[in-house]
Structures are given as C-alpha cells and as structure tokens.
>>> print(open('my_file_11.cif').read())   # mmCIF, C-alpha atoms
data_coords
#
loop_
_atom_site.label_atom_id
_atom_site.label_comp_id
_atom_site.auth_asym_id
_atom_site.auth_seq_id
_atom_site.Cartn_x
_atom_site.Cartn_y
_atom_site.Cartn_z
CA MET A 20 83.62 173.75 147.48
CA ARG A 21 79.83 173.80 147.42
CA TYR A 22 77.53 171.41 145.65
CA ARG A 23 74.60 172.76 143.65
CA TRP A 24 71.57 170.61 144.24
CA ASP A 25 70.30 170.54 140.65
CA ILE A 26 69.01 167.55 138.71
CA GLY A 27 72.37 166.64 137.20
CA PHE A 28 74.03 166.56 140.63
CA ILE A 29 71.23 164.52 142.21
CA ALA A 30 71.43 161.99 139.35
CA TRP A 31 75.23 161.80 139.75
CA LEU A 32 74.93 161.32 143.53
CA LEU A 33 72.20 158.67 143.29
CA MET A 34 74.28 156.86 140.63
CA ARG A 35 77.20 156.59 143.08
CA ILE A 36 75.08 155.57 146.05
CA SER A 37 73.14 152.93 144.11
CA GLY A 38 76.38 151.69 142.52
CA VAL A 39 78.13 151.21 145.87
CA LEU A 40 75.06 149.45 147.30
CA ILE A 41 74.92 147.11 144.28
CA VAL A 42 78.63 146.23 144.70
CA LEU A 43 78.00 145.43 148.39
CA PHE A 44 75.08 143.22 147.34
CA LEU A 45 77.27 141.57 144.71
CA LEU A 46 79.90 140.63 147.32
CA MET A 47 77.21 139.07 149.50
CA HIS A 48 75.52 137.40 146.53
CA LEU A 49 78.77 135.73 145.38
CA PHE A 50 79.56 134.60 148.94
CA VAL A 51 76.10 133.09 149.48
CA LEU A 52 75.93 131.41 146.07
CA SER A 53 79.45 130.01 146.43
CA HIS A 54 77.78 127.54 148.83
CA LEU A 55 76.26 125.92 145.71
CA GLY A 56 79.66 124.35 145.21
CA LEU A 57 79.39 122.54 148.54
CA GLY A 58 76.36 120.52 147.47
CA LYS A 59 72.63 120.44 148.12
CA GLU A 60 72.63 120.06 151.94
CA ALA A 61 75.23 122.75 152.54
CA PHE A 62 73.47 125.16 150.16
CA GLU A 63 69.88 124.74 151.34
CA GLY A 64 70.90 124.57 155.00
CA PHE A 65 72.94 127.75 154.79
CA PHE A 66 71.56 130.51 157.02
CA PHE A 67 71.41 133.18 154.31
CA VAL A 68 69.72 130.87 151.81
CA LYS A 69 67.00 130.12 154.36
CA MET A 70 66.73 133.87 154.92
CA ALA A 71 65.81 134.38 151.26
CA GLU A 72 62.11 133.69 151.79
CA LYS A 73 61.76 135.76 154.97
CA PRO A 74 59.70 139.00 154.82
CA LEU A 75 62.69 141.17 155.82
CA ASN A 76 64.64 139.85 152.86
CA LYS A 77 61.72 140.62 150.54
CA LEU A 78 61.91 144.25 151.63
CA LEU A 79 65.68 144.30 151.05
CA GLU A 80 64.98 142.79 147.62
CA LEU A 81 62.73 145.77 146.82
CA GLY A 82 65.63 148.06 147.74
CA LEU A 83 67.98 146.11 145.51
CA ILE A 84 65.57 146.17 142.58
CA GLY A 85 65.07 149.90 143.07
CA CYS A 86 68.85 150.45 142.96
CA LEU A 87 69.27 148.23 139.88
CA ILE A 88 66.44 149.93 137.96
CA PHE A 89 67.69 153.44 138.74
CA HIS A 90 71.33 152.58 138.06
CA GLY A 91 70.49 150.88 134.74
CA LEU A 92 68.13 153.55 133.42
CA ASN A 93 70.36 156.43 134.52
CA GLY A 94 73.24 154.53 132.91
CA ILE A 95 71.31 154.57 129.62
CA ARG A 96 70.77 158.32 130.18
CA ILE A 97 74.54 158.80 130.66
CA CYS A 98 75.26 156.95 127.41
CA LEU A 99 72.70 159.10 125.58
CA VAL A 100 74.29 162.23 127.04
CA ASP A 101 77.84 161.13 126.17
CA PHE A 102 77.30 159.54 122.77
CA ALA A 103 74.00 160.76 121.30
CA GLY A 104 73.75 164.48 121.99
CA GLY A 105 71.57 163.94 125.02
CA VAL A 106 73.44 166.63 126.95
CA PHE A 107 70.93 169.24 125.78
CA VAL A 108 68.01 167.29 127.24
CA GLN A 109 69.80 165.66 130.19
CA LYS A 110 67.25 166.92 132.73
CA LYS A 111 64.31 165.67 130.66
CA LEU A 112 66.14 162.35 130.29
CA PHE A 113 66.47 162.17 134.08
CA TRP A 114 62.73 162.54 134.56
CA ALA A 115 62.11 160.05 131.76
CA ALA A 116 64.36 157.56 133.57
CA VAL A 117 62.54 158.19 136.86
CA GLY A 118 59.14 157.76 135.18
CA VAL A 119 60.02 154.57 133.33
CA GLY A 120 61.81 153.33 136.45
CA LEU A 121 58.77 153.81 138.66
CA VAL A 122 56.60 151.82 136.24
CA ILE A 123 59.13 148.96 136.11
CA PHE A 124 59.51 149.11 139.91
CA VAL A 125 55.77 148.73 140.50
CA VAL A 126 55.56 145.83 138.02
CA ALA A 127 58.56 144.18 139.72
CA ALA A 128 57.33 144.82 143.27
CA VAL A 129 53.88 143.25 142.90
CA PRO A 130 55.04 139.60 142.66
CA ILE A 131 57.55 140.13 145.50
CA LEU A 132 55.01 141.70 147.86
CA SER A 133 52.31 139.19 146.95
CA HIS A 134 54.60 136.43 148.27
CA LEU A 135 55.14 138.10 151.65
CA MET B 7 95.85 168.67 143.57
CA ARG B 8 99.43 167.46 143.14
CA GLY B 9 98.40 163.90 143.99
CA ASN B 10 96.12 163.83 140.97
CA GLN B 11 99.15 163.71 138.69
CA GLY B 12 100.15 160.34 140.16
CA ILE B 13 98.42 157.04 139.65
CA GLN B 14 95.59 157.34 137.14
CA SER B 15 92.71 155.14 136.16
CA GLY B 16 94.41 154.23 132.90
CA GLY B 17 92.66 156.84 130.82
CA ALA B 18 89.77 156.99 128.44
CA ILE B 19 89.61 153.28 127.69
CA HIS B 20 88.15 152.57 131.14
CA TRP B 21 85.71 155.45 130.79
CA PHE B 22 84.56 153.92 127.49
CA LEU B 23 84.52 150.33 128.79
CA GLN B 24 82.43 151.42 131.79
CA ARG B 25 79.72 152.46 129.31
CA VAL B 26 80.06 149.39 127.08
CA THR B 27 79.91 146.96 130.03
CA GLY B 28 77.08 149.04 131.49
CA ILE B 29 74.92 148.64 128.38
CA CYS B 30 75.67 144.88 128.31
CA LEU B 31 74.81 144.65 132.01
CA VAL B 32 71.42 146.33 131.52
CA ILE B 33 70.46 143.45 129.20
CA VAL B 34 72.22 140.58 131.01
CA VAL B 35 71.13 141.63 134.51
CA ALA B 36 67.54 142.10 133.32
CA VAL B 37 67.50 138.52 131.96
CA HIS B 38 69.18 137.15 135.10
CA THR B 39 66.90 139.04 137.51
CA ILE B 40 63.66 138.12 135.77
CA LEU B 41 64.74 134.49 135.49
CA ALA B 42 66.32 134.00 138.90
CA HIS B 43 63.94 136.02 141.01
CA TYR B 44 60.56 135.81 139.29
CA THR B 45 60.52 132.18 138.19
CA VAL B 46 61.53 130.69 141.57
CA PRO B 47 59.40 127.56 142.08
CA GLU B 48 56.92 127.18 144.94
CA GLY B 49 58.76 126.28 148.14
CA GLY B 50 61.60 128.69 147.44
CA LEU B 51 65.13 128.49 146.14
CA SER B 52 66.29 124.90 145.65
CA TYR B 53 69.67 123.45 144.77
CA GLU B 54 68.29 121.40 141.87
CA TRP B 55 66.59 124.40 140.32
CA VAL B 56 69.83 126.41 140.22
CA ALA B 57 72.08 123.45 139.36
CA HIS B 58 69.88 122.37 136.44
CA ARG B 59 70.15 125.76 134.73
CA LEU B 60 73.86 126.12 135.48
CA GLY B 61 74.45 122.64 134.06
CA GLN B 62 73.55 123.82 130.57
CA PRO B 63 76.54 125.10 128.55
CA LEU B 64 74.87 128.26 127.22
CA TRP B 65 73.66 129.32 130.66
CA LYS B 66 77.12 128.57 132.04
CA LEU B 67 78.61 130.93 129.43
CA PHE B 68 75.88 133.47 130.18
CA TYR B 69 76.78 133.49 133.88
CA ILE B 70 80.54 133.60 133.26
CA PHE B 71 79.90 136.62 130.99
CA LEU B 72 77.75 138.22 133.73
CA LEU B 73 80.45 137.54 136.34
CA PHE B 74 83.22 139.23 134.36
CA LEU B 75 80.98 142.16 133.38
CA CYS B 76 79.80 142.93 136.90
CA VAL B 77 83.17 142.47 138.61
CA TYR B 78 84.85 144.82 136.11
CA HIS B 79 82.02 147.37 136.06
CA GLY B 80 81.50 147.33 139.84
CA LEU B 81 85.15 147.60 140.87
CA ASN B 82 85.94 150.12 138.11
CA GLY B 83 83.02 152.17 139.46
CA ILE B 84 84.45 152.03 142.99
CA TRP B 85 87.85 153.06 141.60
CA ILE B 86 86.28 156.06 139.82
CA ILE B 87 84.71 157.16 143.13
CA VAL B 88 87.96 156.58 145.06
CA GLN B 89 89.87 158.86 142.67
CA ASP B 90 87.45 161.70 143.44
CA TYR B 91 88.06 161.60 147.19
CA VAL B 92 91.52 160.06 147.71
CA HIS B 93 94.34 162.27 146.49
CA LYS B 94 97.46 160.85 148.12
CA ASP B 95 99.44 158.54 145.84
CA GLY B 96 100.20 156.03 148.60
CA TRP B 97 96.54 155.56 149.48
CA ARG B 98 95.59 155.33 145.81
CA VAL B 99 98.15 152.60 145.16
CA ALA B 100 97.01 150.70 148.27
CA ILE B 101 93.31 150.93 147.36
CA PHE B 102 94.00 150.05 143.73
CA GLY B 103 95.90 146.95 144.86
CA ALA B 104 93.11 146.01 147.25
CA LEU B 105 90.51 146.38 144.46
CA ILE B 106 92.56 144.20 142.10
CA MET B 107 92.85 141.50 144.79
CA LEU B 108 89.14 141.76 145.54
CA GLY B 109 88.41 141.37 141.82
CA VAL B 110 90.60 138.28 141.56
CA LEU B 111 88.88 136.86 144.65
CA MET B 112 85.39 137.55 143.26
CA LEU B 113 86.24 136.05 139.86
CA SER B 114 87.80 132.99 141.55
CA ILE B 115 84.83 132.36 143.83
CA GLY B 116 82.43 132.92 140.92
CA LEU B 117 84.25 130.69 138.44
CA LEU B 118 84.85 127.93 141.02
CA THR B 119 81.10 127.94 141.66
CA ILE B 120 79.77 128.33 138.11
CA VAL B 121 82.11 126.09 136.12
CA PRO B 122 81.70 122.73 137.93
CA LEU B 123 78.02 123.20 138.87
CA GLY B 124 75.60 120.69 137.42
CA ILE B 125 78.40 118.72 135.71
CA ARG B 126 79.81 116.49 138.43
CA GLY B 127 76.27 115.59 139.54
#
>>> encode(input="my_file_11.cif", output="structure tokens")
Amino acid sequence: MRYRWDIGFIAWLLMRISGVLIVLFLLMHLFVLSHLGLGKEAFEGFFFVKMAEKPLNKLLELGLIGCLIFHGLNGIRICLVDFAGGVFVQKKLFWAAVGVGLVIFVVAAVPILSHL
Amino acid sequence: MRGNQGIQSGGAIHWFLQRVTGICLVIVVAVHTILAHYTVPEGGLSYEWVAHRLGQPLWKLFYIFLLFLCVYHGLNGIWIIVQDYVHKDGWRVAIFGALIMLGVLMLSIGLLTIVPLGIRG
C-alpha cells in the first residue's frame, strides 16, 4: 500500500500525530495536577510544578498550543466535511484552518515568549 | 483482513460522539487554556490560585465536564488509531482492556483531585 501525499492525507496524518501528543500531555497534566490533592507544600514543591516557569517548558508549551490549535481547527473542518457538505471544499477548508491557526498561534505565543 | 471482523469500536455511535465531544472540547479547552495559562499571576502557578477557582461549584462542574470529555475523546481517538494498525483479535482485546483501565485511572485521579479541592480548606 502506498500513501498519496495530498492535502487530505497530510491533514489526516497531522490530526493523528497531534492527537497522540495531546493524549501524552494529558496523562502528564493529570499526574502533575493530582499533586494539588496533597496540599500547598507538596504541590508547589513538586519538581514538575517548579519546571512550569522554566524556559524549556515555555517552548514545550508552544508545541502544545500548536497541537491544540491545529487539532481543534482541523476537527471543525472534519465536522464541516462530514455534516455540512464541506467535502467539496475540504482542501480549501484545510488552508483556512492553517491560516486561522497561524493567527491564533502568533497571538497565543506572544505572551508566552514575552515571559521567557 | 480477517481480524477486522472481530472486536469492533462499537459502531457509528462512537464516530458520532467523537465529533460531538470534539466540538464541546474546542469551546471548553479554549476557555480552560486562556484562563489557566494566560491569567497566571506574577510569580507563577500557586496553590491558592488554582484551589480558589476549583473551590467554586460552577468551575468544579466545568472541570469535571472537561475531564470526562477529554478522557473519552482522547482514548477513543487512540482506539481509532489502534484499529487501523492492529488486526489480531487478541491484541485488540488486550489494548482495548488497557485503554479502559487507563480511562478509569485517569477519571479516578482527576475526580479525586477536582472534587475535594478548595472545599476541605
């Protein structure tokens, strides 16, 4: 079997990759925030909570936000394709999602990078 | 392809629910992300800041809703991917069981954190 590298395939592939990455983040997020239940000292002293303000984590945060924005906007594209006749303009919808996504990404990235 | 006739995802309902939960998540995750990551006070993440919000009943409900949505949507997504690459029934059953247990674990950790927070002081 061969894959055809057209827009629909790239969108499908990126949807899977971003989805898996978001699930991995979610596992970590739930584990870290479960330390809230142990009280103030345990939570604020926890290694990963202290990591949150480090520059490396800010870069990872940009990656996360990128994944969330793409996954969400492409998800809207999928719903339009499946439920609203968007199948005939699915490639245009992909570029619309990318365009809107880039704008949101820049707006979201500025406050993160300004706190580096 | 014989393995594909074995354990299935449960059919169209999960296909539909993946879209319904997805649309809900776009809204709920946007609110959560803007709130939790762009309104962090100077000095970084603090216990009081999180506990105060989670102590309010409507935010508690909001986060329980978010927890159920993302655990279902995320693990259902993984299951959809698994079915594309894993064709042997035995492996499918094992992975499905593992995903169910992971889901129960995630919901338990989440609920045990969210529900009491900000109430018992």
>>> closest_residue(input="my_file_11.cif", among="A:Phe50, A:Trp24, A:Phe44, A:Trp31", to="chain B", atoms="all atoms listed in the file")
A:Phe50
>>> residues_near_point(input="my_file_11.cif", point="(78.6, 128.7, 147.5)", cutoff="10 Å", atoms="all atoms listed in the file", output="JSON, numbers by chain")
{"A": [48, 49, 50, 51, 52, 53, 54, 55, 56, 57, 58, 61, 62, 65], "B": [115, 116, 118, 119, 120]}
>>> interface_residues(input="my_file_11.cif", of="chain A", to="chain B", cutoff="9 Å", atoms="all atoms listed in the file", output="ChimeraX atom specification")
/A:35,38-39,41-42,45-46,49-50,52-60,62-63,68-69,71-72,84,87-88,91-92,94-95,97-98,127,130-131
>>> atom_distance(input="my_file_11.cif", atom1="atom CA of A:Asn93", atom2="atom CA of A:Ala116")
6.2 Å
>>> atom_distance(input="my_file_11.cif", atom1="atom CA of A:Ser37", atom2="atom CA of A:His90")
6.3 Å
>>> residues_around(input="my_file_11.cif", residues="A:Phe124", least_positions_apart="3", cutoff="9 Å", atoms="all atoms listed in the file", output="PDB file with C-alpha atoms, in the frame of the given file")
ATOM      1  CA  LEU A  81      62.730 145.770 146.820  1.00  0.00           C
ATOM      2  CA  ILE A  84      65.570 146.170 142.580  1.00  0.00           C
ATOM      3  CA  GLY A  85      65.070 149.900 143.070  1.00  0.00           C
ATOM      4  CA  ILE A  88      66.440 149.930 137.960  1.00  0.00           C
ATOM      5  CA  VAL A 119      60.020 154.570 133.330  1.00  0.00           C
ATOM      6  CA  GLY A 120      61.810 153.330 136.450  1.00  0.00           C
ATOM      7  CA  LEU A 121      58.770 153.810 138.660  1.00  0.00           C
ATOM      8  CA  ALA A 127      58.560 144.180 139.720  1.00  0.00           C
ATOM      9  CA  ALA A 128      57.330 144.820 143.270  1.00  0.00           C
ATOM     10  CA  VAL A 129      53.880 143.250 142.900  1.00  0.00           C
TER      11      VAL A 129
END
>>> build_atoms(input="my_file_11.cif", residues="stretch 88-107 of chain A", atoms="N, CA and C atoms", output="PDB file, in the frame of the given file")
ATOM      1  N   ILE A  88      67.231 149.238 138.984  1.00  0.00           N
ATOM      2  CA  ILE A  88      66.440 149.930 137.960  1.00  0.00           C
ATOM      3  C   ILE A  88      66.956 151.346 137.761  1.00  0.00           C
ATOM      4  N   PHE A  89      67.188 152.068 138.889  1.00  0.00           N
ATOM      5  CA  PHE A  89      67.690 153.440 138.740  1.00  0.00           C
ATOM      6  C   PHE A  89      69.057 153.450 138.073  1.00  0.00           C
ATOM      7  N   HIS A  90      69.956 152.590 138.564  1.00  0.00           N
ATOM      8  CA  HIS A  90      71.330 152.580 138.060  1.00  0.00           C
ATOM      9  C   HIS A  90      71.354 152.247 136.554  1.00  0.00           C
ATOM     10  N   GLY A  91      70.544 151.291 136.149  1.00  0.00           N
ATOM     11  CA  GLY A  91      70.490 150.880 134.740  1.00  0.00           C
ATOM     12  C   GLY A  91      69.914 151.962 133.846  1.00  0.00           C
ATOM     13  N   LEU A  92      68.767 152.532 134.267  1.00  0.00           N
ATOM     14  CA  LEU A  92      68.130 153.550 133.420  1.00  0.00           C
ATOM     15  C   LEU A  92      68.948 154.838 133.385  1.00  0.00           C
ATOM     16  N   ASN A  93      69.516 155.240 134.532  1.00  0.00           N
ATOM     17  CA  ASN A  93      70.360 156.430 134.520  1.00  0.00           C
ATOM     18  C   ASN A  93      71.639 156.157 133.726  1.00  0.00           C
ATOM     19  N   GLY A  94      72.081 154.897 133.725  1.00  0.00           N
ATOM     20  CA  GLY A  94      73.240 154.530 132.910  1.00  0.00           C
ATOM     21  C   GLY A  94      72.941 154.712 131.421  1.00  0.00           C
ATOM     22  N   ILE A  95      71.719 154.335 131.020  1.00  0.00           N
ATOM     23  CA  ILE A  95      71.310 154.570 129.620  1.00  0.00           C
ATOM     24  C   ILE A  95      71.290 156.073 129.336  1.00  0.00           C
ATOM     25  N   ARG A  96      70.782 156.850 130.327  1.00  0.00           N
ATOM     26  CA  ARG A  96      70.770 158.320 130.180  1.00  0.00           C
ATOM     27  C   ARG A  96      72.195 158.848 129.986  1.00  0.00           C
ATOM     28  N   ILE A  97      73.150 158.336 130.779  1.00  0.00           N
ATOM     29  CA  ILE A  97      74.540 158.800 130.660  1.00  0.00           C
ATOM     30  C   ILE A  97      75.090 158.494 129.272  1.00  0.00           C
ATOM     31  N   CYS A  98      74.786 157.296 128.756  1.00  0.00           N
ATOM     32  CA  CYS A  98      75.260 156.950 127.410  1.00  0.00           C
ATOM     33  C   CYS A  98      74.633 157.859 126.353  1.00  0.00           C
ATOM     34  N   LEU A  99      73.351 158.186 126.522  1.00  0.00           N
ATOM     35  CA  LEU A  99      72.700 159.100 125.580  1.00  0.00           C
ATOM     36  C   LEU A  99      73.329 160.493 125.655  1.00  0.00           C
ATOM     37  N   VAL A 100      73.662 160.922 126.865  1.00  0.00           N
ATOM     38  CA  VAL A 100      74.290 162.230 127.040  1.00  0.00           C
ATOM     39  C   VAL A 100      75.687 162.244 126.416  1.00  0.00           C
ATOM     40  N   ASP A 101      76.448 161.162 126.638  1.00  0.00           N
ATOM     41  CA  ASP A 101      77.840 161.130 126.170  1.00  0.00           C
ATOM     42  C   ASP A 101      77.984 160.854 124.678  1.00  0.00           C
ATOM     43  N   PHE A 102      77.084 160.025 124.143  1.00  0.00           N
ATOM     44  CA  PHE A 102      77.300 159.540 122.770  1.00  0.00           C
ATOM     45  C   PHE A 102      76.243 160.016 121.769  1.00  0.00           C
ATOM     46  N   ALA A 103      75.091 160.502 122.239  1.00  0.00           N
ATOM     47  CA  ALA A 103      74.000 160.760 121.300  1.00  0.00           C
ATOM     48  C   ALA A 103      73.409 162.162 121.445  1.00  0.00           C
ATOM     49  N   GLY A 104      74.233 163.109 121.905  1.00  0.00           N
ATOM     50  CA  GLY A 104      73.750 164.480 121.990  1.00  0.00           C
ATOM     51  C   GLY A 104      72.702 164.726 123.043  1.00  0.00           C
ATOM     52  N   GLY A 105      72.592 163.815 123.988  1.00  0.00           N
ATOM     53  CA  GLY A 105      71.570 163.940 125.020  1.00  0.00           C
ATOM     54  C   GLY A 105      71.859 165.024 126.043  1.00  0.00           C
ATOM     55  N   VAL A 106      73.047 165.627 125.954  1.00  0.00           N
ATOM     56  CA  VAL A 106      73.440 166.630 126.950  1.00  0.00           C
ATOM     57  C   VAL A 106      72.475 167.805 126.986  1.00  0.00           C
ATOM     58  N   PHE A 107      71.840 168.090 125.830  1.00  0.00           N
ATOM     59  CA  PHE A 107      70.930 169.240 125.780  1.00  0.00           C
ATOM     60  C   PHE A 107      69.581 168.945 126.431  1.00  0.00           C
TER      61      PHE A 107
END
